[in-house]
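Chemist: File follows, target.tsv with TSV, C-alpha atoms:
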chain	number	residue	atom	x	y	z
L	240	MET	CA	0.00	0.00	0.00
L	241	ASN	CA	1.31	3.44	-0.94
L	242	ILE	CA	0.85	6.25	1.54
L	243	HIS	CA	1.17	9.78	0.13
L	244	ALA	CA	2.38	12.41	2.55
L	245	GLY	CA	0.33	15.59	2.76
L	246	ARG	CA	1.70	18.78	1.29
L	247	MET	CA	4.02	20.53	3.75
L	248	GLN	CA	3.17	24.17	4.36
L	249	THR	CA	5.92	26.76	4.56
L	250	ALA	CA	6.20	29.05	7.58
L	251	ALA	CA	4.72	31.90	5.53
L	252	GLU	CA	1.78	29.81	4.32
L	253	THR	CA	1.02	28.71	7.87
L	254	ALA	CA	1.28	32.33	9.05
L	255	LEU	CA	-1.15	33.46	6.33
L	256	ILE	CA	-3.75	30.93	7.41
L	257	ASP	CA	-3.24	31.78	11.09
L	258	LEU	CA	-3.59	35.49	10.26
L	259	TYR	CA	-6.95	34.86	8.62
L	260	VAL	CA	-8.17	32.79	11.59
L	261	ALA	CA	-7.11	35.56	13.97
L	262	LYS	CA	-8.83	38.29	11.94
L	263	MET	CA	-11.88	36.57	10.48
L	264	GLY	CA	-14.26	37.74	13.21
L	265	ALA	CA	-13.37	41.39	12.65
L	266	LEU	CA	-13.25	41.43	8.84
L	267	PRO	CA	-16.26	43.06	7.11
L	268	GLY	CA	-18.51	40.95	4.96
L	269	ASN	CA	-21.93	39.38	4.49
L	270	PRO	CA	-22.29	35.58	4.05
L	271	ASP	CA	-21.36	35.75	0.35
L	272	VAL	CA	-18.13	37.58	1.19
L	273	VAL	CA	-17.34	35.18	4.01
L	274	GLY	CA	-17.84	32.29	1.60
L	275	ALA	CA	-15.40	33.84	-0.88
L	276	ARG	CA	-12.86	34.34	1.90
L	277	ASP	CA	-13.17	30.70	2.96
L	278	ILE	CA	-12.64	29.50	-0.63
L	279	ALA	CA	-9.51	31.65	-0.92
L	280	VAL	CA	-8.06	30.31	2.31
L	281	GLU	CA	-8.80	26.72	1.30
L	282	ALA	CA	-6.85	27.30	-1.94
L	283	LEU	CA	-3.91	28.59	0.08
L	284	LYS	CA	-4.08	25.46	2.23
L	285	THR	CA	-4.24	22.99	-0.63
L	286	VAL	CA	-2.21	24.69	-3.37
L	287	GLY	CA	-0.06	27.11	-1.41
L	288	LEU	CA	2.10	29.89	-2.75
L	289	PRO	CA	3.26	29.51	-6.37
L	290	THR	CA	6.72	28.57	-7.57
L	291	ARG	CA	8.31	28.92	-11.01
L	292	ARG	CA	6.70	25.60	-11.92
L	293	VAL	CA	3.42	27.49	-12.26
L	294	GLU	CA	3.46	28.98	-15.77
L	295	SER	CA	1.98	32.35	-14.80
L	296	TRP	CA	4.67	32.68	-12.09
L	297	HIS	CA	7.50	31.48	-14.32
L	298	TYR	CA	9.79	34.37	-13.34
L	299	THR	CA	8.88	34.69	-9.66
L	300	ASP	CA	9.23	31.98	-7.03
L	301	LEU	CA	6.88	33.50	-4.48
L	302	ARG	CA	6.94	30.43	-2.24
L	303	ASN	CA	10.69	30.75	-1.85
L	304	LEU	CA	10.79	34.56	-1.71
L	305	LEU	CA	8.10	34.92	0.96
L	306	ARG	CA	9.76	32.96	3.75
L	307	ALA	CA	7.94	34.76	6.59
L	308	LEU	CA	5.47	37.60	7.05
L	309	PRO	CA	6.99	40.95	8.13
L	310	ALA	CA	6.07	41.84	11.69
L	311	GLY	CA	5.29	45.49	10.92
L	312	SER	CA	5.71	48.28	13.44
L	313	GLU	CA	3.63	50.29	15.89
L	314	THR	CA	4.48	53.59	14.18
L	315	PRO	CA	1.23	55.27	13.07
L	316	VAL	CA	1.10	56.14	9.38
L	317	VAL	CA	-0.02	59.57	8.18
L	318	PRO	CA	-0.97	60.95	4.75
L	319	VAL	CA	1.82	62.60	2.79
L	320	THR	CA	1.84	65.71	0.61
L	321	PRO	CA	0.22	64.94	-2.77
L	322	LEU	CA	2.47	64.77	-5.82
L	323	VAL	CA	0.35	67.36	-7.63
L	324	LYS	CA	-0.54	70.48	-5.66
L	325	GLY	CA	-4.26	70.80	-5.02
L	326	THR	CA	-4.99	67.17	-5.85
L	327	PRO	CA	-7.80	65.50	-3.85
L	328	VAL	CA	-6.26	62.81	-1.63
L	329	LEU	CA	-7.97	59.58	-0.58
L	330	PRO	CA	-5.83	58.07	2.20
L	331	ILE	CA	-5.81	54.47	3.40
L	332	ALA	CA	-3.97	54.08	6.71
L	333	ASP	CA	-3.03	50.53	7.72
L	334	GLY	CA	-5.91	49.10	5.74
L	335	VAL	CA	-8.58	51.64	6.75
L	336	ALA	CA	-9.97	54.19	4.27
L	337	ILE	CA	-10.24	57.59	5.96
L	338	GLY	CA	-11.33	59.89	3.13
L	339	GLY	CA	-14.48	60.52	1.13
L	340	GLN	CA	-14.17	63.39	-1.35
L	341	ALA	CA	-12.61	63.23	-4.82
L	342	GLY	CA	-14.09	66.14	-6.76
L	343	ASP	CA	-17.13	66.86	-8.92
L	344	GLY	CA	-18.58	63.92	-10.81
L	345	VAL	CA	-16.85	61.29	-8.65
L	346	THR	CA	-18.74	59.29	-6.03
L	347	VAL	CA	-16.54	57.68	-3.38
L	348	THR	CA	-17.61	54.61	-1.42
L	349	HIS	CA	-15.55	52.71	1.12
L	350	ILE	CA	-14.94	49.08	0.14
L	351	ALA	CA	-15.68	48.06	3.74
L	352	ALA	CA	-19.29	49.17	3.24
L	353	LYS	CA	-19.56	47.20	-0.02
L	354	LEU	CA	-18.15	44.12	1.72
L	355	GLU	CA	-20.68	44.48	4.52
L	356	ASP	CA	-23.68	44.66	2.17
L	357	GLY	CA	-22.27	42.01	-0.18
L	358	SER	CA	-22.22	44.21	-3.30
L	359	PHE	CA	-18.48	43.60	-3.66
L	360	ALA	CA	-18.73	39.81	-3.39
L	361	ARG	CA	-18.52	39.24	-7.16
L	362	ALA	CA	-15.16	41.01	-7.25
L	363	LEU	CA	-13.80	38.38	-4.85
L	364	VAL	CA	-14.51	35.42	-7.15
L	365	SER	CA	-11.42	33.26	-7.63
L	366	ARG	CA	-9.47	33.71	-10.87
L	367	GLY	CA	-7.86	30.29	-10.59
L	368	THR	CA	-5.60	28.36	-8.26
L	369	ASP	CA	-2.51	30.29	-9.41
L	370	ASP	CA	-3.99	33.67	-8.38
L	371	ALA	CA	-2.02	33.82	-5.14
L	372	ILE	CA	-2.32	37.60	-4.72
L	373	GLY	CA	-6.06	37.38	-5.26
L	374	GLN	CA	-6.38	34.58	-2.70
L	375	ILE	CA	-4.36	36.42	-0.07
L	376	ASN	CA	-6.19	39.67	-0.65
L	377	THR	CA	-9.64	38.08	-0.77
L	378	ALA	CA	-9.02	36.37	2.55
L	379	LEU	CA	-7.78	39.50	4.31
L	380	VAL	CA	-9.14	42.58	2.49
L	381	SER	CA	-10.55	45.08	4.97
L	382	ASP	CA	-11.20	48.32	3.07
L	383	GLY	CA	-10.29	50.59	0.19
L	384	TYR	CA	-12.20	52.80	-2.23
L	385	HIS	CA	-14.74	52.44	-5.01
L	386	LEU	CA	-14.62	55.44	-7.35
L	387	ASP	CA	-17.68	55.86	-9.58
L	388	ILE	CA	-16.91	58.49	-12.22
L	389	ALA	CA	-20.09	59.77	-13.83
L	390	ASP	CA	-20.75	59.83	-17.58
L	391	ASN	CA	-18.81	62.63	-19.29
L	392	ALA	CA	-17.25	63.73	-16.00
L	393	VAL	CA	-13.79	65.29	-16.27
L	394	PRO	CA	-12.34	66.02	-12.80
L	395	GLY	CA	-10.30	69.21	-12.79
L	396	SER	CA	-7.23	67.55	-11.31
L	397	PRO	CA	-5.82	64.05	-10.74
L	398	ILE	CA	-7.12	61.98	-7.81
L	399	GLU	CA	-4.42	60.58	-5.55
L	400	VAL	CA	-5.07	57.41	-3.57
L	401	GLN	CA	-2.49	56.90	-0.84
L	402	PHE	CA	-1.87	53.41	0.55
L	403	ALA	CA	0.19	53.86	3.74
L	404	ALA	CA	1.03	50.85	5.90
L	405	ASP	CA	3.35	49.97	8.76
L	406	GLN	CA	1.22	46.96	9.72
L	407	ASP	CA	-0.29	44.18	7.60
L	408	SER	CA	-2.75	45.82	5.23
L	409	HIS	CA	-4.95	44.36	2.49
L	410	THR	CA	-6.96	46.74	0.33
L	411	ARG	CA	-8.75	47.19	-2.97
L	412	LEU	CA	-9.28	50.11	-5.33
L	413	ALA	CA	-12.18	49.84	-7.78
L	414	ILE	CA	-12.57	52.47	-10.50
L	415	LYS	CA	-15.69	52.63	-12.70
L	416	ALA	CA	-15.57	55.22	-15.47
L	417	GLY	CA	-18.84	56.11	-17.17
L	418	LYS	CA	-19.27	56.88	-20.86
L	419	GLY	CA	-17.01	59.70	-22.02
L	420	ALA	CA	-15.44	60.20	-18.59
L	421	LYS	CA	-11.80	61.25	-18.41
L	422	ALA	CA	-9.67	61.10	-15.26
L	423	THR	CA	-6.17	60.54	-13.94
L	424	ILE	CA	-5.74	58.36	-10.86
L	425	ILE	CA	-2.44	58.31	-8.95
L	426	GLU	CA	-1.67	55.36	-6.66
L	427	ARG	CA	1.00	55.90	-4.00
L	428	HIS	CA	2.24	53.16	-1.68
L	429	THR	CA	4.27	54.26	1.34
L	430	GLY	CA	5.23	52.78	4.69
L	431	GLY	CA	7.67	50.44	6.33
L	432	ASP	CA	8.41	46.73	6.53
L	433	ALA	CA	4.85	45.40	6.58
L	434	PHE	CA	2.93	42.63	4.81
L	435	VAL	CA	0.75	44.37	2.23
L	436	SER	CA	-1.44	43.30	-0.69
L	437	ALA	CA	-3.46	45.53	-2.99
L	438	ILE	CA	-5.68	44.90	-6.01
L	439	THR	CA	-6.99	47.49	-8.47
L	440	HIS	CA	-10.13	46.92	-10.59
L	441	LEU	CA	-10.75	49.13	-13.63
L	442	THR	CA	-14.04	49.21	-15.55
L	443	VAL	CA	-14.27	51.61	-18.49
L	444	ASP	CA	-17.41	52.39	-20.52
L	445	ASP	CA	-17.46	53.51	-24.16
L	446	GLY	CA	-15.38	56.61	-24.87
L	447	ALA	CA	-13.94	56.82	-21.36
L	448	GLU	CA	-10.24	57.50	-20.79
L	449	ILE	CA	-8.50	56.65	-17.52
L	450	THR	CA	-4.82	57.27	-16.86
L	451	LEU	CA	-3.66	55.12	-13.94
L	452	SER	CA	-0.26	56.11	-12.56
L	453	CYS	CA	1.68	54.25	-9.88
L	454	PRO	CA	4.92	56.17	-9.21
L	455	ARG	CA	7.88	54.53	-7.54
L	456	CYS	CA	6.73	53.08	-4.23
L	457	THR	CA	8.60	53.45	-0.93
L	458	ALA	CA	7.12	50.22	0.43
L	459	PRO	CA	7.00	46.73	-1.12
L	460	ALA	CA	3.58	45.32	-1.89
L	461	LEU	CA	1.96	42.35	-3.57
L	462	ARG	CA	0.11	44.09	-6.41
L	463	SER	CA	-2.51	42.99	-8.90
L	464	TRP	CA	-4.61	44.73	-11.54
L	465	SER	CA	-7.79	43.49	-13.18
L	466	MET	CA	-9.52	45.06	-16.16
Spell out the structure here as C-alpha coordinates.
Modeler:
Amino acid sequence: MNIHAGRMQTAAETALIDLYVAKMGALPGNPDVVGARDIAVEALKTVGLPTRRVESWHYTDLRNLLRALPAGSETPVVPVTPLVKGTPVLPIADGVAIGGQAGDGVTVTHIAAKLEDGSFARALVSRGTDDAIGQINTALVSDGYHLDIADNAVPGSPIEVQFAADQDSHTRLAIKAGKGAKATIIERHTGGDAFVSAITHLTVDDGAEITLSCPRCTAPALRSWSM
(Lines of atoms letter the chains of each structure in order from A and count residues from 1; the text may use other names and numbers.)
(Lines give C-alpha, C1' and ligand atoms only; values in the text may rest on other atoms or scores of the structure.)
Protein backbone atom coordinates (compact mmCIF):
# COMPACT_ATOMS: atom_id res chain seq x y z
CA MET A 1 0.00 0.00 0.00
CA ASN A 2 1.31 3.44 -0.94
CA ILE A 3 0.85 6.25 1.54
CA HIS A 4 1.17 9.78 0.13
CA ALA A 5 2.38 12.41 2.55
CA GLY A 6 0.33 15.59 2.76
CA ARG A 7 1.70 18.78 1.29
CA MET A 8 4.02 20.53 3.75
CA GLN A 9 3.17 24.17 4.36
CA THR A 10 5.92 26.76 4.56
CA ALA A 11 6.20 29.05 7.58
CA ALA A 12 4.72 31.90 5.53
CA GLU A 13 1.78 29.81 4.32
CA THR A 14 1.02 28.71 7.87
CA ALA A 15 1.28 32.33 9.05
CA LEU A 16 -1.15 33.46 6.33
CA ILE A 17 -3.75 30.93 7.41
CA ASP A 18 -3.24 31.78 11.09
CA LEU A 19 -3.59 35.49 10.26
CA TYR A 20 -6.95 34.86 8.62
CA VAL A 21 -8.17 32.79 11.59
CA ALA A 22 -7.11 35.56 13.97
CA LYS A 23 -8.83 38.29 11.94
CA MET A 24 -11.88 36.57 10.48
CA GLY A 25 -14.26 37.74 13.21
CA ALA A 26 -13.37 41.39 12.65
CA LEU A 27 -13.25 41.43 8.84
CA PRO A 28 -16.26 43.06 7.11
CA GLY A 29 -18.51 40.95 4.96
CA ASN A 30 -21.93 39.38 4.49
CA PRO A 31 -22.29 35.58 4.05
CA ASP A 32 -21.36 35.75 0.35
CA VAL A 33 -18.13 37.58 1.19
CA VAL A 34 -17.34 35.18 4.01
CA GLY A 35 -17.84 32.29 1.60
CA ALA A 36 -15.40 33.84 -0.88
CA ARG A 37 -12.86 34.34 1.90
CA ASP A 38 -13.17 30.70 2.96
CA ILE A 39 -12.64 29.50 -0.63
CA ALA A 40 -9.51 31.65 -0.92
CA VAL A 41 -8.06 30.31 2.31
CA GLU A 42 -8.80 26.72 1.30
CA ALA A 43 -6.85 27.30 -1.94
CA LEU A 44 -3.91 28.59 0.08
CA LYS A 45 -4.08 25.46 2.23
CA THR A 46 -4.24 22.99 -0.63
CA VAL A 47 -2.21 24.69 -3.37
CA GLY A 48 -0.06 27.11 -1.41
CA LEU A 49 2.10 29.89 -2.75
CA PRO A 50 3.26 29.51 -6.37
CA THR A 51 6.72 28.57 -7.57
CA ARG A 52 8.31 28.92 -11.01
CA ARG A 53 6.70 25.60 -11.92
CA VAL A 54 3.42 27.49 -12.26
CA GLU A 55 3.46 28.98 -15.77
CA SER A 56 1.98 32.35 -14.80
CA TRP A 57 4.67 32.68 -12.09
CA HIS A 58 7.50 31.48 -14.32
CA TYR A 59 9.79 34.37 -13.34
CA THR A 60 8.88 34.69 -9.66
CA ASP A 61 9.23 31.98 -7.03
CA LEU A 62 6.88 33.50 -4.48
CA ARG A 63 6.94 30.43 -2.24
CA ASN A 64 10.69 30.75 -1.85
CA LEU A 65 10.79 34.56 -1.71
CA LEU A 66 8.10 34.92 0.96
CA ARG A 67 9.76 32.96 3.75
CA ALA A 68 7.94 34.76 6.59
CA LEU A 69 5.47 37.60 7.05
CA PRO A 70 6.99 40.95 8.13
CA ALA A 71 6.07 41.84 11.69
CA GLY A 72 5.29 45.49 10.92
CA SER A 73 5.71 48.28 13.44
CA GLU A 74 3.63 50.29 15.89
CA THR A 75 4.48 53.59 14.18
CA PRO A 76 1.23 55.27 13.07
CA VAL A 77 1.10 56.14 9.38
CA VAL A 78 -0.02 59.57 8.18
CA PRO A 79 -0.97 60.95 4.75
CA VAL A 80 1.82 62.60 2.79
CA THR A 81 1.84 65.71 0.61
CA PRO A 82 0.22 64.94 -2.77
CA LEU A 83 2.47 64.77 -5.82
CA VAL A 84 0.35 67.36 -7.63
CA LYS A 85 -0.54 70.48 -5.66
CA GLY A 86 -4.26 70.80 -5.02
CA THR A 87 -4.99 67.17 -5.85
CA PRO A 88 -7.80 65.50 -3.85
CA VAL A 89 -6.26 62.81 -1.63
CA LEU A 90 -7.97 59.58 -0.58
CA PRO A 91 -5.83 58.07 2.20
CA ILE A 92 -5.81 54.47 3.40
CA ALA A 93 -3.97 54.08 6.71
CA ASP A 94 -3.03 50.53 7.72
CA GLY A 95 -5.91 49.10 5.74
CA VAL A 96 -8.58 51.64 6.75
CA ALA A 97 -9.97 54.19 4.27
CA ILE A 98 -10.24 57.59 5.96
CA GLY A 99 -11.33 59.89 3.13
CA GLY A 100 -14.48 60.52 1.13
CA GLN A 101 -14.17 63.39 -1.35
CA ALA A 102 -12.61 63.23 -4.82
CA GLY A 103 -14.09 66.14 -6.76
CA ASP A 104 -17.13 66.86 -8.92
CA GLY A 105 -18.58 63.92 -10.81
CA VAL A 106 -16.85 61.29 -8.65
CA THR A 107 -18.74 59.29 -6.03
CA VAL A 108 -16.54 57.68 -3.38
CA THR A 109 -17.61 54.61 -1.42
CA HIS A 110 -15.55 52.71 1.12
CA ILE A 111 -14.94 49.08 0.14
CA ALA A 112 -15.68 48.06 3.74
CA ALA A 113 -19.29 49.17 3.24
CA LYS A 114 -19.56 47.20 -0.02
CA LEU A 115 -18.15 44.12 1.72
CA GLU A 116 -20.68 44.48 4.52
CA ASP A 117 -23.68 44.66 2.17
CA GLY A 118 -22.27 42.01 -0.18
CA SER A 119 -22.22 44.21 -3.30
CA PHE A 120 -18.48 43.60 -3.66
CA ALA A 121 -18.73 39.81 -3.39
CA ARG A 122 -18.52 39.24 -7.16
CA ALA A 123 -15.16 41.01 -7.25
CA LEU A 124 -13.80 38.38 -4.85
CA VAL A 125 -14.51 35.42 -7.15
CA SER A 126 -11.42 33.26 -7.63
CA ARG A 127 -9.47 33.71 -10.87
CA GLY A 128 -7.86 30.29 -10.59
CA THR A 129 -5.60 28.36 -8.26
CA ASP A 130 -2.51 30.29 -9.41
CA ASP A 131 -3.99 33.67 -8.38
CA ALA A 132 -2.02 33.82 -5.14
CA ILE A 133 -2.32 37.60 -4.72
CA GLY A 134 -6.06 37.38 -5.26
CA GLN A 135 -6.38 34.58 -2.70
CA ILE A 136 -4.36 36.42 -0.07
CA ASN A 137 -6.19 39.67 -0.65
CA THR A 138 -9.64 38.08 -0.77
CA ALA A 139 -9.02 36.37 2.55
CA LEU A 140 -7.78 39.50 4.31
CA VAL A 141 -9.14 42.58 2.49
CA SER A 142 -10.55 45.08 4.97
CA ASP A 143 -11.20 48.32 3.07
CA GLY A 144 -10.29 50.59 0.19
CA TYR A 145 -12.20 52.80 -2.23
CA HIS A 146 -14.74 52.44 -5.01
CA LEU A 147 -14.62 55.44 -7.35
CA ASP A 148 -17.68 55.86 -9.58
CA ILE A 149 -16.91 58.49 -12.22
CA ALA A 150 -20.09 59.77 -13.83
CA ASP A 151 -20.75 59.83 -17.58
CA ASN A 152 -18.81 62.63 -19.29
CA ALA A 153 -17.25 63.73 -16.00
CA VAL A 154 -13.79 65.29 -16.27
CA PRO A 155 -12.34 66.02 -12.80
CA GLY A 156 -10.30 69.21 -12.79
CA SER A 157 -7.23 67.55 -11.31
CA PRO A 158 -5.82 64.05 -10.74
CA ILE A 159 -7.12 61.98 -7.81
CA GLU A 160 -4.42 60.58 -5.55
CA VAL A 161 -5.07 57.41 -3.57
CA GLN A 162 -2.49 56.90 -0.84
CA PHE A 163 -1.87 53.41 0.55
CA ALA A 164 0.19 53.86 3.74
CA ALA A 165 1.03 50.85 5.90
CA ASP A 166 3.35 49.97 8.76
CA GLN A 167 1.22 46.96 9.72
CA ASP A 168 -0.29 44.18 7.60
CA SER A 169 -2.75 45.82 5.23
CA HIS A 170 -4.95 44.36 2.49
CA THR A 171 -6.96 46.74 0.33
CA ARG A 172 -8.75 47.19 -2.97
CA LEU A 173 -9.28 50.11 -5.33
CA ALA A 174 -12.18 49.84 -7.78
CA ILE A 175 -12.57 52.47 -10.50
CA LYS A 176 -15.69 52.63 -12.70
CA ALA A 177 -15.57 55.22 -15.47
CA GLY A 178 -18.84 56.11 -17.17
CA LYS A 179 -19.27 56.88 -20.86
CA GLY A 180 -17.01 59.70 -22.02
CA ALA A 181 -15.44 60.20 -18.59
CA LYS A 182 -11.80 61.25 -18.41
CA ALA A 183 -9.67 61.10 -15.26
CA THR A 184 -6.17 60.54 -13.94
CA ILE A 185 -5.74 58.36 -10.86
CA ILE A 186 -2.44 58.31 -8.95
CA GLU A 187 -1.67 55.36 -6.66
CA ARG A 188 1.00 55.90 -4.00
CA HIS A 189 2.24 53.16 -1.68
CA THR A 190 4.27 54.26 1.34
CA GLY A 191 5.23 52.78 4.69
CA GLY A 192 7.67 50.44 6.33
CA ASP A 193 8.41 46.73 6.53
CA ALA A 194 4.85 45.40 6.58
CA PHE A 195 2.93 42.63 4.81
CA VAL A 196 0.75 44.37 2.23
CA SER A 197 -1.44 43.30 -0.69
CA ALA A 198 -3.46 45.53 -2.99
CA ILE A 199 -5.68 44.90 -6.01
CA THR A 200 -6.99 47.49 -8.47
CA HIS A 201 -10.13 46.92 -10.59
CA LEU A 202 -10.75 49.13 -13.63
CA THR A 203 -14.04 49.21 -15.55
CA VAL A 204 -14.27 51.61 -18.49
CA ASP A 205 -17.41 52.39 -20.52
CA ASP A 206 -17.46 53.51 -24.16
CA GLY A 207 -15.38 56.61 -24.87
CA ALA A 208 -13.94 56.82 -21.36
CA GLU A 209 -10.24 57.50 -20.79
CA ILE A 210 -8.50 56.65 -17.52
CA THR A 211 -4.82 57.27 -16.86
CA LEU A 212 -3.66 55.12 -13.94
CA SER A 213 -0.26 56.11 -12.56
CA CYS A 214 1.68 54.25 -9.88
CA PRO A 215 4.92 56.17 -9.21
CA ARG A 216 7.88 54.53 -7.54
CA CYS A 217 6.73 53.08 -4.23
CA THR A 218 8.60 53.45 -0.93
CA ALA A 219 7.12 50.22 0.43
CA PRO A 220 7.00 46.73 -1.12
CA ALA A 221 3.58 45.32 -1.89
CA LEU A 222 1.96 42.35 -3.57
CA ARG A 223 0.11 44.09 -6.41
CA SER A 224 -2.51 42.99 -8.90
CA TRP A 225 -4.61 44.73 -11.54
CA SER A 226 -7.79 43.49 -13.18
CA MET A 227 -9.52 45.06 -16.16
Chemist: With all atoms listed in the file as the basis for distance, which of L:Ala447, L:Ala420, L:Cys453, L:Ile350 is at the shortest distance from L:Gly338?
Modeler: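 Nearest candidate to L:Gly338 out of L:Ala447, L:Ala420, L:Cys453, L:Ile350: L:Ile350.
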Chemist: If the box runs along x, y and z of the file and leaves 8 Å on each side of stretch 247-262 of chain L, what are its centre and edge lengths in Å, one decimal, as JSON?
Modeler:
{"center_x": -1.3, "center_y": 29.4, "center_z": 8.9, "size_x": 31.0, "size_y": 33.8, "size_z": 26.2}
Chemist: Identify which of the residues L:Arg306, L:Lys353, L:Arg276, L:His385 lies closest to L:Ala341, counting only C-alpha atoms when measuring atom-to-atom distances.
Modeler: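 Answer, going by the shortest atom-to-atom distance: L:His385.
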Chemist: Calculated over only C-alpha atoms, which of the candidates L:Gly431, L:Pro454, L:Pro270, L:Gly344 has the smallest distance to L:Asp407?
Modeler: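 Looking only at the distances to L:Asp407, the closest residue turns out to be L:Gly431.
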Chemist: Can you tell me, as a PyMOL selection string, which residues sit within 9 Å of (-8.2, 41.4, 6.9) in the file's frame, using all atoms listed in the file?
Modeler: chain L and resi 258-259+262-263+265-267+334+376-382+407-410
Chemist: I need the residue nearest L:Lys284 from this list: L:Ala360, L:Ala352, L:Ile256, L:Leu329. Use all atoms listed in the file for the distance.
Modeler: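 Once distances to L:Lys284 are computed over all atoms listed in the file, the minimum belongs to L:Ile256.
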Chemist: Tell me, in Å to one decimal, how far atom CA of L:Asp333 is from atom CA of L:Pro394.
Modeler: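 These two atoms are separated by 27.3 Å.
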Chemist: Nearest to L:Asp271 among L:Asp356, L:Ala404, L:Asp300, L:Gly311, with distances taken over only C-alpha atoms: which residue is it?
Modeler: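 Among L:Asp356, L:Ala404, L:Asp300, L:Gly311, it is L:Asp356 that comes nearest to L:Asp271.
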Chemist: Tell me which of L:Ala392, L:Gly367, L:Thr314, L:Thr253 sits closest to L:Gly342, counting only C-alpha atoms.
Modeler: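 Residue with the minimum atom-to-atom distance to L:Gly342: L:Ala392.
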Chemist: Counting only C-alpha atoms, what is within 9 Å of L:Arg361, bar same-chain residues fewer than 4 positions away, as a PyMOL selection string?
Modeler: chain L and resi 271-272+275+357
Chemist: Which value, in Å to one decimal, gives the distance between atom CA of L:Thr442 and atom CA of L:Asn391?
Modeler: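 Between these atoms lies a distance of 14.7 Å.
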